[in-house]
file model.csv (CSV, C-alpha atoms and all ligand atoms)
chain,number,residue,atom,x,y,z
A,91,MET,CA,-17.9,14.7,-6.1
A,92,THR,CA,-15.6,12.9,-3.7
A,93,THR,CA,-13.9,9.5,-3.8
A,94,ARG,CA,-13.4,7.7,-0.5
A,95,ILE,CA,-10.9,4.9,-0.4
A,96,PHE,CA,-10.8,2.6,2.6
A,97,HIS,CA,-7.1,1.7,2.9
A,98,ASN,CA,-5.8,-1.2,4.9
A,99,SER,CA,-2.5,-3.0,4.8
A,100,ASP,CA,-0.6,-5.9,6.3
A,101,VAL,CA,-3.6,-8.1,6.8
A,102,HIS,CA,-1.2,-11.1,7.0
A,103,PHE,CA,-3.7,-13.9,6.4
A,104,GLY,CA,-2.5,-16.7,8.5
A,105,VAL,CA,-2.1,-14.4,11.5
A,106,GLU,CA,-5.0,-12.1,10.7
A,107,ASN,CA,-7.1,-10.3,13.2
A,108,ARG,CA,-10.5,-11.6,12.3
A,109,ALA,CA,-12.4,-9.0,14.4
A,110,ALA,CA,-10.5,-6.1,12.9
A,111,LEU,CA,-11.1,-7.5,9.4
A,112,ASP,CA,-14.8,-7.9,10.1
A,113,ALA,CA,-15.0,-4.3,11.4
A,114,PHE,CA,-13.2,-3.0,8.2
A,115,ALA,CA,-15.6,-4.9,6.0
A,116,GLN,CA,-18.6,-3.8,7.9
A,117,ALA,CA,-17.5,-0.1,7.5
A,118,VAL,CA,-16.9,-0.6,3.8
A,119,HIS,CA,-20.4,-2.0,3.3
A,120,ALA,CA,-22.2,0.4,5.6
A,121,GLU,CA,-20.5,3.6,4.4
A,122,LYS,CA,-20.6,2.5,0.7
A,123,ALA,CA,-16.9,3.0,0.1
A,124,ASP,CA,-15.8,3.9,-3.4
A,125,ALA,CA,-12.8,1.5,-3.2
A,126,VAL,CA,-10.8,-0.8,-1.0
A,127,LEU,CA,-7.1,-0.5,-1.2
A,128,CYS,CA,-4.6,-3.0,0.4
A,129,THR,CA,-0.9,-2.1,0.2
A,130,GLY,CA,0.5,-5.5,0.7
A,131,ASP,CA,1.6,-8.2,3.1
A,132,ILE,CA,-1.7,-9.8,2.3
A,133,THR,CA,-0.4,-13.1,3.6
A,134,GLN,CA,2.0,-14.1,6.4
A,135,ARG,CA,4.0,-16.8,4.6
A,136,CYS,CA,2.6,-16.7,1.0
A,137,LYS,CA,0.9,-20.1,1.5
A,138,HIS,CA,-1.8,-21.3,-0.8
A,139,SER,CA,-4.2,-21.6,2.2
A,140,GLU,CA,-3.5,-18.0,3.1
A,141,TRP,CA,-4.2,-16.8,-0.4
A,142,ALA,CA,-7.5,-18.7,-0.3
A,143,SER,CA,-8.5,-16.9,2.9
A,144,ALA,CA,-7.6,-13.6,1.2
A,145,ARG,CA,-9.6,-14.4,-1.8
A,146,ASP,CA,-12.7,-15.3,0.3
A,147,TYR,CA,-12.3,-12.0,2.2
A,148,PHE,CA,-11.7,-9.6,-0.7
A,149,ALA,CA,-14.4,-11.2,-2.9
A,150,GLN,CA,-17.1,-9.9,-0.6
A,151,PHE,CA,-16.8,-6.3,-1.7
A,152,SER,CA,-18.9,-4.9,-4.4
A,153,CYS,CA,-16.7,-1.8,-4.9
A,154,PRO,CA,-13.3,-1.9,-6.7
A,155,VAL,CA,-10.6,-3.7,-4.7
A,156,VAL,CA,-7.1,-2.6,-5.5
A,157,LEU,CA,-4.4,-5.0,-4.2
A,158,PHE,CA,-0.6,-4.8,-4.1
A,159,ALA,CA,1.9,-7.3,-3.0
A,160,GLY,CA,4.3,-6.9,-0.1
A,161,ASN,CA,7.5,-8.6,1.0
A,162,HIS,CA,5.5,-11.3,2.7
A,163,ASP,CA,3.7,-12.1,-0.5
A,164,MET,CA,6.6,-13.8,-2.2
A,165,PRO,CA,7.2,-17.5,-1.6
A,166,TYR,CA,9.3,-18.2,1.6
A,167,TYR,CA,9.8,-21.9,1.3
A,168,ASN,CA,9.9,-22.4,-2.5
A,169,MET,CA,13.1,-20.6,-3.5
A,170,TRP,CA,12.8,-21.6,-7.1
A,171,GLU,CA,9.4,-20.0,-7.4
A,172,ARG,CA,10.7,-16.9,-5.4
A,173,MET,CA,13.5,-16.4,-7.9
A,174,SER,CA,11.6,-17.3,-11.1
A,175,ASP,CA,8.2,-15.8,-10.6
A,176,PRO,CA,7.8,-14.2,-7.1
A,177,TYR,CA,4.5,-12.6,-7.7
A,178,ALA,CA,2.6,-15.5,-9.4
A,179,ARG,CA,0.5,-16.2,-6.3
A,180,ALA,CA,-0.3,-12.5,-5.7
A,181,ARG,CA,-1.2,-12.1,-9.4
A,182,ARG,CA,-3.7,-15.0,-9.2
A,183,LEU,CA,-5.5,-13.2,-6.3
A,184,ILE,CA,-5.4,-9.9,-8.2
A,185,ARG,CA,-6.8,-11.5,-11.3
A,186,GLY,CA,-9.5,-13.2,-9.3
A,187,VAL,CA,-10.8,-10.4,-7.1
A,188,GLY,CA,-8.7,-7.3,-7.8
A,189,SER,CA,-9.7,-4.4,-9.9
A,190,THR,CA,-8.6,-0.9,-10.9
A,191,LEU,CA,-10.1,2.3,-9.6
A,192,GLU,CA,-11.7,4.7,-12.1
A,193,SER,CA,-12.3,8.0,-10.4
A,194,ASP,CA,-12.7,11.7,-11.3
A,195,ASP,CA,-10.9,12.7,-8.2
A,196,VAL,CA,-7.8,10.6,-7.8
A,197,VAL,CA,-5.4,8.4,-9.8
A,198,LEU,CA,-3.4,5.6,-8.1
A,199,VAL,CA,0.2,5.4,-9.3
A,200,PRO,CA,1.8,2.1,-8.3
A,201,LEU,CA,5.4,2.0,-7.2
A,202,LYS,CA,7.0,-1.4,-6.6
A,203,SER,CA,9.1,-1.4,-3.4
A,204,THR,CA,9.6,-5.1,-3.0
A,205,VAL,CA,12.4,-7.2,-4.6
A,206,ARG,CA,13.0,-11.0,-4.5
A,207,ILE,CA,16.6,-10.7,-3.3
A,208,GLN,CA,18.7,-8.0,-1.9
A,209,PRO,CA,22.5,-7.5,-1.2
A,210,ARG,CA,21.7,-7.3,2.5
A,211,PHE,CA,19.6,-8.8,5.3
A,212,PRO,CA,16.7,-8.5,6.0
A,213,TRP,CA,15.1,-9.0,2.6
A,214,SER,CA,11.9,-7.6,4.1
A,215,ASP,CA,12.9,-4.0,3.9
A,216,GLY,CA,12.1,-1.8,0.9
A,217,PHE,CA,14.1,-1.5,-2.3
A,218,VAL,CA,13.0,0.9,-5.0
A,219,THR,CA,14.8,-0.1,-8.2
A,220,LYS,CA,15.6,2.3,-11.0
A,221,ARG,CA,13.2,0.4,-13.2
A,222,ALA,CA,10.3,0.6,-10.7
A,223,LEU,CA,10.9,4.3,-10.2
A,224,THR,CA,11.0,5.0,-13.9
A,225,GLN,CA,7.7,3.2,-14.5
A,226,ALA,CA,6.0,5.4,-11.8
A,227,LEU,CA,7.6,8.5,-13.2
A,228,GLU,CA,6.5,7.7,-16.7
A,229,GLU,CA,3.0,7.3,-15.4
A,230,LEU,CA,3.1,10.7,-13.6
A,231,GLU,CA,4.4,12.3,-16.8
A,232,THR,CA,1.3,11.2,-18.7
A,233,LEU,CA,-0.8,12.7,-15.9
A,234,LYS,CA,0.9,16.1,-15.9
A,235,GLU,CA,-2.1,18.1,-17.0
A,236,ASP,CA,-4.5,15.9,-15.1
A,237,PRO,CA,-6.4,17.8,-12.4
A,238,ARG,CA,-6.9,14.7,-10.2
A,239,HIS,CA,-4.9,13.9,-7.1
A,240,LYS,CA,-2.0,11.6,-7.7
A,241,LEU,CA,-1.6,9.0,-5.0
A,242,ILE,CA,1.6,7.0,-5.1
A,243,VAL,CA,0.8,3.5,-3.8
A,244,CYS,CA,3.5,1.2,-2.4
A,245,HIS,CA,4.2,-1.3,0.4
A,246,HIS,CA,7.1,0.3,2.1
A,247,PRO,CA,7.3,3.9,3.4
A,248,LEU,CA,9.8,5.7,1.2
A,249,LEU,CA,11.5,7.6,4.0
A,250,GLY,CA,12.8,6.7,7.5
A,251,GLU,CA,10.9,7.7,10.6
A,252,SER,CA,12.6,11.1,10.7
A,253,ASP,CA,15.0,13.0,8.5
A,254,SER,CA,17.8,12.1,10.9
A,255,ALA,CA,16.9,8.4,11.1
A,256,LYS,CA,18.4,5.8,8.8
A,257,ASN,CA,16.1,5.1,5.9
A,258,PRO,CA,15.5,1.3,5.7
A,259,THR,CA,14.2,1.7,2.1
A,260,ILE,CA,17.1,1.6,-0.4
A,261,GLY,CA,16.4,4.1,-3.1
A,262,GLY,CA,13.6,5.6,-1.0
A,263,ASP,CA,15.0,9.1,-0.6
A,264,ALA,CA,15.7,9.5,-4.3
A,265,ALA,CA,12.3,8.0,-5.2
A,266,PHE,CA,10.5,10.4,-2.9
A,267,ALA,CA,12.3,13.4,-4.3
A,268,ALA,CA,11.7,12.4,-7.9
A,269,LEU,CA,8.0,11.5,-7.4
A,270,ALA,CA,7.3,14.7,-5.4
A,271,LYS,CA,9.0,16.7,-8.2
A,272,ALA,CA,6.9,14.9,-10.8
A,273,GLY,CA,3.6,15.9,-9.2
A,274,GLY,CA,2.9,13.2,-6.7
A,275,ASP,CA,0.6,14.5,-4.0
A,276,ALA,CA,0.9,11.7,-1.4
A,277,VAL,CA,2.2,8.3,-0.8
A,278,ALA,CA,0.0,5.6,0.7
A,279,SER,CA,2.0,2.7,2.3
A,280,GLY,CA,2.0,0.0,5.0
A,281,HIS,CA,4.7,-2.4,6.2
A,282,VAL,CA,5.6,-0.8,9.5
A,283,HIS,CA,2.3,-1.7,11.2
A,284,THR,CA,2.1,1.8,12.7
A,285,PRO,CA,0.1,4.7,11.2
A,286,PHE,CA,1.4,8.2,10.4
A,287,ASP,CA,0.4,11.3,8.4
A,288,LEU,CA,3.4,13.4,7.7
A,289,THR,CA,4.4,16.0,5.2
A,290,ARG,CA,8.1,15.5,4.3
A,291,GLU,CA,10.3,17.3,1.8
A,292,ARG,CA,13.2,16.2,-0.4
A,293,GLY,CA,15.0,18.3,-3.0
A,294,GLY,CA,12.7,21.3,-2.4
A,295,HIS,CA,9.6,19.3,-3.1
A,296,ALA,CA,7.1,18.3,-0.4
A,297,MET,CA,4.8,15.3,-0.4
A,298,ARG,CA,2.5,13.8,2.1
A,299,MET,CA,3.1,10.3,3.6
A,300,LEU,CA,0.0,8.5,4.6
A,301,GLY,CA,0.9,5.3,6.4
A,302,VAL,CA,-1.6,2.8,7.7
A,303,GLY,CA,-1.3,0.2,10.5
A,304,THR,CA,-2.1,-3.5,10.4
A,305,LEU,CA,-5.3,-5.6,10.5
A,306,SER,CA,-3.2,-8.6,11.8
A,307,THR,CA,-2.2,-9.8,15.2
A,308,ARG,CA,1.4,-8.7,14.6
A,309,LEU,CA,1.1,-5.4,16.5
A,310,ARG,CA,4.0,-3.1,17.0
A,311,GLY,CA,2.9,-0.9,19.9
A,312,LYS,CA,-0.2,0.4,18.1
A,313,PRO,CA,-3.7,-1.0,17.8
A,314,PRO,CA,-5.0,-2.4,14.5
A,315,SER,CA,-6.1,0.4,12.2
A,316,TYR,CA,-7.1,1.4,8.7
A,317,GLN,CA,-7.6,4.8,7.1
A,318,VAL,CA,-10.3,6.4,5.1
A,319,LEU,CA,-8.8,8.7,2.4
A,320,THR,CA,-11.1,11.2,0.8
A,321,PHE,CA,-10.3,12.9,-2.5
A,322,ALA,CA,-12.0,15.9,-4.0
A,323,ARG,CA,-10.5,18.0,-6.8
A,324,GLY,CA,-8.9,21.2,-5.6
A,325,GLU,CA,-9.2,20.2,-1.9
A,326,PRO,CA,-6.6,18.7,0.4
A,327,ILE,CA,-6.7,15.0,0.8
A,328,GLY,CA,-8.8,14.0,3.7
A,329,ARG,CA,-7.5,11.3,6.0
A,330,GLU,CA,-9.4,9.7,8.9
A,331,LEU,CA,-7.4,7.1,10.9
A,332,ARG,CA,-9.6,4.4,12.5
A,333,GLU,CA,-8.1,2.4,15.3
A,334,LEU,CA,-9.7,-0.9,16.3
A,335,PRO,CA,-9.5,-3.0,19.5
A,336,ALA,CA,-6.4,-5.2,19.6
B,401,FE,FE,6.0,-5.7,4.9
call {"tool": "encode", "arguments": {"input": "model.csv", "output": "structure tokens"}}
result
Amino acid sequence: MTTRIFHNSDVHFGVENRAALDAFAQAVHAEKADAVLCTGDITQRCKHSEWASARDYFAQFSCPVVLFAGNHDMPYYNMWERMSDPYARARRLIRGVGSTLESDDVVLVPLKSTVRIQPRFPWSDGFVTKRALTQALEELETLKEDPRHKLIVCHHPLLGESDSAKNPTIGGDAAFAALAKAGGDAVASGHVHTPFDLTRERGGHAMRMLGVGTLSTRLRGKPPSYQVLTFARGEPIGRELRELPA
């Protein structure tokens, strides 16, 4: 058996690319995807109208829809809400149309890489707290003897563009090393709007980084894209990048 996850990210409802979203949805339906995964920045400004559009869109899928919040999915204008309950709006969407994936081939291990406030600007970059990392590591610990692939899922890439480049994700290097050591096979992420498939190493442990582009109009030198990840026990993770017209 195999499990095929259609992974998109950074759809940014409010400045979404409608043609790209339609193409993604059509592929999910036509190819009978096993799951849809969105790794955050579901909205552009965390407005209620944008969440409503997201709900309409993700409600159309009959397969499990696994949704994560990104840095754009915390309130921008309502500082009280941002500080007191930053993920309330994302939670409402997830409760409404989100689900979990049950698969014989892969387990998704969430890692929170967003924080409501940081001791630096911009607040948009990644920040893996000790607590977030501990939660992911505890989950990996329970899966130690599990033969399925372990896919870490987060919004921000854990490492910089190259080993010599500065890593914009605070705590990312340590998280990557610990997760790879604990048995993580790959990390699926978004945020940078450009796709990549790299095998990187920290502390003597390698792990694959599977980054996907955007389905919004906020392009950064690359066309809109999504990726199809295929999991089968005992086989390498398959990854097909699908680029769409801008
Ligand atoms: Fe982001």
call {"tool": "closest_atom_pairs", "arguments": {"input": "model.csv", "of": "chain A", "to": "ligand FE 401 (chain B)", "cutoff": "7 Å", "atoms": "only C-alpha atoms and all ligand atoms", "output": "Markdown table"}}
result
| residue | atom | partner | partner_atom | distance |
| --- | --- | --- | --- | --- |
| A:Asp100 | CA | B:FE401 | FE | 6.7 |
| A:Gly130 | CA | B:FE401 | FE | 6.9 |
| A:Asp131 | CA | B:FE401 | FE | 5.4 |
| A:Gly160 | CA | B:FE401 | FE | 5.4 |
| A:Asn161 | CA | B:FE401 | FE | 5.1 |
| A:His162 | CA | B:FE401 | FE | 6.0 |
| A:Ser214 | CA | B:FE401 | FE | 6.2 |
| A:His245 | CA | B:FE401 | FE | 6.5 |
| A:His246 | CA | B:FE401 | FE | 6.7 |
| A:Gly280 | CA | B:FE401 | FE | 7.0 |
| A:His281 | CA | B:FE401 | FE | 3.8 |
| A:Val282 | CA | B:FE401 | FE | 6.7 |
call {"tool": "residues_around", "arguments": {"input": "model.csv", "residues": "A:Gly311", "least_positions_apart": "2", "cutoff": "8 Å", "atoms": "only C-alpha atoms", "output": "PyMOL selection string"}}
result
chain A and resi 284+309+313
call {"tool": "write_last_selection", "arguments": {"input": "model.csv", "atoms": "C-alpha atoms", "output": "PDB file, keeping the file's coordinate frame"}}
result
ATOM      1  CA  THR A 284       2.100   1.800  12.700  1.00  0.00           C
ATOM      2  CA  LEU A 309       1.100  -5.400  16.500  1.00  0.00           C
ATOM      3  CA  PRO A 313      -3.700  -1.000  17.800  1.00  0.00           C
TER       4      PRO A 313
END
call {"tool": "closest_residue", "arguments": {"input": "model.csv", "among": "A:Asp287, A:Asp275, A:Glu235, A:Asp146", "to": "A:Glu251", "atoms": "all atoms listed in the file"}}
result
A:Asp287
call {"tool": "closest_residue", "arguments": {"input": "model.csv", "among": "A:Ala296, A:Ala178, A:Ile95, A:Val197", "to": "A:Val155", "atoms": "all atoms listed in the file"}}
result
A:Ile95
call {"tool": "atom_distance", "arguments": {"input": "model.csv", "atom1": "atom CA of A:Ser254", "atom2": "atom CA of A:Pro285"}}
result
19.2 Å
call {"tool": "residues_around", "arguments": {"input": "model.csv", "residues": "A:Val199", "least_positions_apart": "2", "cutoff": "12 Å", "atoms": "all atoms listed in the file", "output": "VMD selection string"}}
result
chain A and resid 156 158 190 to 191 196 to 197 201 to 202 222 to 233 238 to 244 269 272 to 278
call {"tool": "atom_distance", "arguments": {"input": "model.csv", "atom1": "atom CA of A:Ala110", "atom2": "atom CA of A:Gly303"}}
result
11.4 Å
